[in-house]
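Here's the structure, in C-alpha coordinates; my notes come after.
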Amino acid sequence: WDWFRQLRYYQHPDPKAPCTVRMLECELLYSFEYQGNAPKLVHTPLTDKCYLTLMHGMHLGYGGNPYGPAGTGKTESVKALGSCLGRQVLVFNCDEGIDFQAMNRIFIGLVRCGAWGCFDEFNRLLEEQMSAISQSIQLIQAAIKTRASQVHLLGRDVAVNHNAGIFITMNP
(Lines give C-alpha, C1' and ligand atoms only; values in the text may rest on other atoms or scores of the structure.)
Protein backbone atom coordinates (compact mmCIF):
# COMPACT_ATOMS: atom_id res chain seq x y z
CA TRP A 1 0.00 0.00 0.00
CA ASP A 2 2.81 2.43 0.87
CA TRP A 3 4.30 2.12 -2.63
CA PHE A 4 0.94 2.13 -4.42
CA ARG A 5 -0.08 5.48 -2.92
CA GLN A 6 3.17 7.25 -3.87
CA LEU A 7 3.45 9.53 -6.90
CA ARG A 8 5.34 7.36 -9.42
CA TYR A 9 6.76 8.15 -12.88
CA TYR A 10 6.79 5.65 -15.76
CA GLN A 11 8.52 5.93 -19.11
CA HIS A 12 7.66 3.31 -21.71
CA PRO A 13 10.64 1.82 -23.60
CA ASP A 14 9.17 3.19 -26.83
CA PRO A 15 10.57 6.76 -27.10
CA LYS A 16 7.34 7.96 -28.75
CA ALA A 17 5.21 6.81 -25.83
CA PRO A 18 4.35 9.51 -23.28
CA CYS A 19 5.73 9.62 -19.76
CA THR A 20 2.98 8.95 -17.24
CA VAL A 21 2.54 9.69 -13.54
CA ARG A 22 0.61 7.24 -11.38
CA MET A 23 -0.86 7.31 -7.90
CA LEU A 24 -3.18 4.49 -6.81
CA GLU A 25 -5.26 3.68 -9.92
CA CYS A 26 -4.91 7.22 -11.29
CA GLU A 27 -2.71 7.77 -14.31
CA LEU A 28 -2.04 11.19 -15.85
CA LEU A 29 0.32 12.27 -18.61
CA TYR A 30 3.43 14.21 -17.68
CA SER A 31 3.45 17.60 -19.45
CA PHE A 32 7.15 18.60 -19.45
CA GLU A 33 6.37 22.24 -18.57
CA TYR A 34 9.56 23.42 -16.91
CA GLN A 35 8.91 26.04 -14.24
CA GLY A 36 12.43 26.43 -12.88
CA ASN A 37 13.70 25.16 -9.56
CA ALA A 38 10.63 25.97 -7.50
CA PRO A 39 10.68 25.87 -3.70
CA LYS A 40 9.67 22.48 -2.40
CA LEU A 41 6.64 21.82 -0.26
CA VAL A 42 7.16 20.01 3.04
CA HIS A 43 5.36 16.68 2.80
CA THR A 44 3.13 15.79 5.69
CA PRO A 45 0.38 13.16 5.95
CA LEU A 46 -2.10 15.94 5.10
CA THR A 47 -0.12 16.81 1.94
CA ASP A 48 -0.24 13.16 0.88
CA LYS A 49 -4.02 13.04 1.41
CA CYS A 50 -4.40 16.25 -0.58
CA TYR A 51 -2.33 14.82 -3.46
CA LEU A 52 -4.39 11.61 -3.42
CA THR A 53 -7.65 13.55 -3.54
CA LEU A 54 -6.50 15.96 -6.26
CA MET A 55 -5.07 13.13 -8.40
CA HIS A 56 -8.37 11.24 -8.16
CA GLY A 57 -10.28 14.39 -9.06
CA MET A 58 -8.13 14.87 -12.18
CA HIS A 59 -8.37 11.17 -13.04
CA LEU A 60 -12.17 11.42 -12.97
CA GLY A 61 -12.19 14.55 -15.17
CA TYR A 62 -12.80 17.03 -12.40
CA GLY A 63 -10.38 19.34 -10.65
CA GLY A 64 -10.17 19.93 -6.95
CA ASN A 65 -11.60 22.11 -4.22
CA PRO A 66 -9.25 22.39 -1.24
CA TYR A 67 -11.08 23.98 1.67
CA GLY A 68 -9.67 25.23 4.94
CA PRO A 69 -8.41 28.16 6.97
CA ALA A 70 -6.10 30.76 5.42
CA GLY A 71 -2.42 29.88 5.40
CA THR A 72 -2.82 26.09 5.53
CA GLY A 73 -1.22 25.38 2.13
CA LYS A 74 -4.23 24.79 -0.13
CA THR A 75 -2.87 26.79 -3.06
CA GLU A 76 0.71 25.64 -2.46
CA SER A 77 -0.41 22.00 -2.55
CA VAL A 78 -2.10 22.51 -5.93
CA LYS A 79 0.98 24.29 -7.27
CA ALA A 80 3.33 21.57 -5.95
CA LEU A 81 1.27 18.74 -7.47
CA GLY A 82 1.10 20.62 -10.77
CA SER A 83 4.87 20.96 -10.71
CA CYS A 84 5.23 17.23 -10.06
CA LEU A 85 3.10 16.59 -13.16
CA GLY A 86 4.96 19.12 -15.30
CA ARG A 87 1.92 21.39 -15.53
CA GLN A 88 1.84 25.16 -15.66
CA VAL A 89 -0.24 26.35 -12.70
CA LEU A 90 -1.69 29.85 -12.79
CA VAL A 91 -3.10 31.31 -9.57
CA PHE A 92 -5.89 33.89 -9.67
CA ASN A 93 -7.13 35.73 -6.60
CA CYS A 94 -10.90 36.10 -6.77
CA ASP A 95 -12.80 39.13 -5.50
CA GLU A 96 -16.04 41.02 -6.09
CA GLY A 97 -14.58 42.80 -9.15
CA ILE A 98 -14.34 39.68 -11.30
CA ASP A 99 -17.29 39.04 -13.58
CA PHE A 100 -18.17 35.84 -15.41
CA GLN A 101 -16.99 37.14 -18.80
CA ALA A 102 -13.50 37.89 -17.48
CA MET A 103 -13.42 34.50 -15.80
CA ASN A 104 -14.59 32.77 -18.99
CA ARG A 105 -11.74 34.42 -20.93
CA ILE A 106 -9.35 32.96 -18.36
CA PHE A 107 -11.04 29.55 -18.73
CA ILE A 108 -10.65 29.69 -22.52
CA GLY A 109 -6.90 30.23 -22.13
CA LEU A 110 -6.55 27.41 -19.61
CA VAL A 111 -8.56 24.95 -21.68
CA ARG A 112 -6.70 25.73 -24.89
CA CYS A 113 -3.18 25.40 -23.48
CA GLY A 114 -3.76 22.62 -20.93
CA ALA A 115 -2.68 24.62 -17.89
CA TRP A 116 -4.12 24.37 -14.42
CA GLY A 117 -5.96 27.33 -12.94
CA CYS A 118 -6.12 27.73 -9.17
CA PHE A 119 -8.81 30.21 -8.19
CA ASP A 120 -7.97 31.41 -4.71
CA GLU A 121 -10.70 32.50 -2.28
CA PHE A 122 -13.50 31.66 -4.71
CA ASN A 123 -16.05 32.31 -1.95
CA ARG A 124 -15.28 36.06 -2.20
CA LEU A 125 -17.05 36.28 -5.58
CA LEU A 126 -20.54 37.77 -5.72
CA GLU A 127 -23.24 35.12 -5.49
CA GLU A 128 -24.68 35.76 -8.97
CA GLN A 129 -21.19 35.71 -10.52
CA MET A 130 -20.33 32.51 -8.68
CA SER A 131 -23.42 30.83 -10.14
CA ALA A 132 -22.58 31.78 -13.75
CA ILE A 133 -18.90 30.86 -13.30
CA SER A 134 -19.83 27.50 -11.78
CA GLN A 135 -21.90 26.68 -14.87
CA SER A 136 -18.87 27.36 -17.08
CA ILE A 137 -16.71 25.16 -14.87
CA GLN A 138 -19.30 22.40 -15.18
CA LEU A 139 -19.17 22.65 -19.00
CA ILE A 140 -15.37 22.44 -18.99
CA GLN A 141 -15.32 19.49 -16.62
CA ALA A 142 -17.88 17.65 -18.75
CA ALA A 143 -15.75 18.23 -21.86
CA ILE A 144 -12.61 16.94 -20.12
CA LYS A 145 -14.47 13.99 -18.59
CA THR A 146 -16.01 12.87 -21.90
CA ARG A 147 -12.79 13.62 -23.84
CA ALA A 148 -14.72 16.05 -26.07
CA SER A 149 -12.63 17.90 -28.63
CA GLN A 150 -14.41 21.24 -28.06
CA VAL A 151 -16.38 23.14 -25.45
CA HIS A 152 -18.74 26.07 -26.03
CA LEU A 153 -17.73 29.15 -23.98
CA LEU A 154 -18.64 32.82 -24.52
CA GLY A 155 -20.49 32.03 -27.73
CA ARG A 156 -17.65 30.17 -29.43
CA ASP A 157 -16.27 26.67 -29.67
CA VAL A 158 -12.91 26.23 -27.97
CA ALA A 159 -10.50 23.32 -28.53
CA VAL A 160 -9.96 21.31 -25.33
CA ASN A 161 -6.54 20.24 -24.10
CA HIS A 162 -7.39 17.42 -21.69
CA ASN A 163 -4.45 18.24 -19.39
CA ALA A 164 -6.29 21.37 -18.24
CA GLY A 165 -7.60 21.51 -14.71
CA ILE A 166 -9.58 23.90 -12.56
CA PHE A 167 -8.96 24.10 -8.84
CA ILE A 168 -10.92 26.29 -6.45
CA THR A 169 -9.73 27.11 -2.95
CA MET A 170 -12.06 28.47 -0.32
CA ASN A 171 -11.71 29.76 3.21
CA PRO A 172 -14.35 29.23 5.91
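Residues are named by chain letter and number: chains run A, B, ... in the order of the C-alpha coordinates, numbers start at 1 in each chain, and ligands are numbered from 1 in the order shown.
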Distance table requested - stretch 97-130 of chain A against stretch 65-75 of chain A, cut-off 10 Å, only C-alpha atoms: one row per qualifying residue with the closest atom pair and its distance in Å to one decimal, ordered by chain and rising residue number, as JSON lines.
{"residue": "A:Cys118", "atom": "CA", "partner": "A:Thr75", "partner_atom": "CA", "distance": 7.0}
{"residue": "A:Phe119", "atom": "CA", "partner": "A:Thr75", "partner_atom": "CA", "distance": 8.6}
{"residue": "A:Asp120", "atom": "CA", "partner": "A:Thr75", "partner_atom": "CA", "distance": 7.1}
{"residue": "A:Glu121", "atom": "CA", "partner": "A:Ala70", "partner_atom": "CA", "distance": 9.1}
{"residue": "A:Phe122", "atom": "CA", "partner": "A:Asn65", "partner_atom": "CA", "distance": 9.7}
Would you save the residues from that selection as an mmCIF file, in the first residue's frame, using N, CA and C atoms?
data_model
loop_
_atom_site.group_PDB
_atom_site.id
_atom_site.type_symbol
_atom_site.label_atom_id
_atom_site.label_comp_id
_atom_site.auth_asym_id
_atom_site.auth_seq_id
_atom_site.Cartn_x
_atom_site.Cartn_y
_atom_site.Cartn_z
ATOM 1 N N CYS A 118 -5.766 27.817 -10.585
ATOM 2 C CA CYS A 118 -6.122 27.728 -9.171
ATOM 3 C C CYS A 118 -6.765 29.049 -8.793
ATOM 4 N N PHE A 119 -8.042 29.006 -8.483
ATOM 5 C CA PHE A 119 -8.812 30.210 -8.190
ATOM 6 C C PHE A 119 -8.939 30.339 -6.671
ATOM 7 N N ASP A 120 -8.117 31.234 -6.150
ATOM 8 C CA ASP A 120 -7.974 31.408 -4.711
ATOM 9 C C ASP A 120 -9.126 32.229 -4.134
ATOM 10 N N GLU A 121 -9.628 31.814 -2.998
ATOM 11 C CA GLU A 121 -10.705 32.503 -2.276
ATOM 12 C C GLU A 121 -11.929 32.717 -3.163
ATOM 13 N N PHE A 122 -12.353 31.646 -3.806
ATOM 14 C CA PHE A 122 -13.501 31.657 -4.710
ATOM 15 C C PHE A 122 -14.762 32.156 -4.010
#
Skipping near chain neighbours, those fewer than 4 positions away, what residues fall within 10 Å of A:His43 using only C-alpha atoms, listed as a PyMOL selection string?
chain A and resi 47-48+77
Produce a file of the selected residues containing N, CA, C and O atoms, as a tab-separated table (two decimals), in the first residue's frame.
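Printed below is again.tsv as written:
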chain	number	residue	atom	x	y	z
A	47	THR	N	-0.53	16.55	3.33
A	47	THR	CA	-0.12	16.81	1.94
A	47	THR	C	-0.37	15.57	1.09
A	47	THR	O	-0.88	15.66	-0.03
A	48	ASP	N	-0.02	14.40	1.62
A	48	ASP	CA	-0.24	13.16	0.88
A	48	ASP	C	-1.72	12.93	0.61
A	48	ASP	O	-2.11	12.54	-0.49
A	77	SER	N	-0.29	23.43	-2.24
A	77	SER	CA	-0.41	22.00	-2.55
A	77	SER	C	-0.79	21.79	-4.01
A	77	SER	O	-0.27	20.91	-4.68
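With only C-alpha atoms as the atoms that count, the residue of A:Cys50, A:Ile137, A:Leu28, A:Leu7 with the shortest distance to A:Ile168 is A:Ile137.
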Test item, helix (DSSP H, G or I) assignment across chain A, answer as number ranges by chain:
A: 45-59, 74-84, 100-113, 122-124, 127-145
Contacts of A:Gly114 at 8 Å or less, counting only C-alpha atoms, minus same-chain residues fewer than 4 places along, as a PyMOL selection string?
chain A and resi 87+110+160-165
Quick one: distance from atom CA of A:Gln129 to atom CA of A:Gln150 in Å, one decimal?
23.7 Å
As a check of understanding: the span from atom CA of A:Ala148 to atom CA of A:Tyr51 is 25.8 Å
Residues at most 6 Å from stretch 19-26 of chain A, counting only C-alpha atoms, excluding those fewer than 2 positions away in the same chain, as a list in words?
Phe4, Arg5, Gln6, Leu7, Arg8, Tyr9, Tyr10, Gln11, Leu28, Leu29, Tyr30 and His59 of chain A
Residues as selected, N, CA and C atoms, written as a JSON list (two decimals), in the first residue's frame, can you do that?
[["chain", "number", "residue", "atom", "x", "y", "z"],
["A", 4, "PHE", "N", 2.06, 1.89, -3.50],
["A", 4, "PHE", "CA", 0.94, 2.13, -4.42],
["A", 4, "PHE", "C", 0.40, 3.55, -4.29],
["A", 5, "ARG", "N", 0.47, 4.14, -3.11],
["A", 5, "ARG", "CA", -0.08, 5.48, -2.92],
["A", 5, "ARG", "C", 0.93, 6.59, -3.16],
["A", 6, "GLN", "N", 2.16, 6.24, -3.55],
["A", 6, "GLN", "CA", 3.17, 7.25, -3.87],
["A", 6, "GLN", "C", 2.99, 7.75, -5.30],
["A", 7, "LEU", "N", 3.44, 8.96, -5.56],
["A", 7, "LEU", "CA", 3.45, 9.53, -6.90],
["A", 7, "LEU", "C", 4.62, 8.88, -7.64],
["A", 8, "ARG", "N", 4.32, 8.12, -8.72],
["A", 8, "ARG", "CA", 5.34, 7.36, -9.42],
["A", 8, "ARG", "C", 5.37, 7.75, -10.90],
["A", 9, "TYR", "N", 6.57, 7.77, -11.48],
["A", 9, "TYR", "CA", 6.76, 8.15, -12.88],
["A", 9, "TYR", "C", 7.14, 6.91, -13.70],
["A", 10, "TYR", "N", 6.52, 6.79, -14.89],
["A", 10, "TYR", "CA", 6.79, 5.65, -15.76],
["A", 10, "TYR", "C", 7.08, 6.14, -17.17],
["A", 11, "GLN", "N", 8.18, 5.64, -17.72],
["A", 11, "GLN", "CA", 8.52, 5.93, -19.11],
["A", 11, "GLN", "C", 8.54, 4.60, -19.87],
["A", 28, "LEU", "N", -1.98, 9.96, -15.09],
["A", 28, "LEU", "CA", -2.04, 11.19, -15.85],
["A", 28, "LEU", "C", -0.76, 11.34, -16.66],
["A", 29, "LEU", "N", -0.86, 12.03, -17.78],
["A", 29, "LEU", "CA", 0.32, 12.27, -18.61],
["A", 29, "LEU", "C", 1.19, 13.34, -17.97],
["A", 30, "TYR", "N", 2.50, 13.19, -18.13],
["A", 30, "TYR", "CA", 3.43, 14.21, -17.68],
["A", 30, "TYR", "C", 3.53, 15.24, -18.79],
["A", 59, "HIS", "N", -8.15, 12.46, -12.37],
["A", 59, "HIS", "CA", -8.37, 11.17, -13.04],
["A", 59, "HIS", "C", -9.83, 11.01, -13.47]]
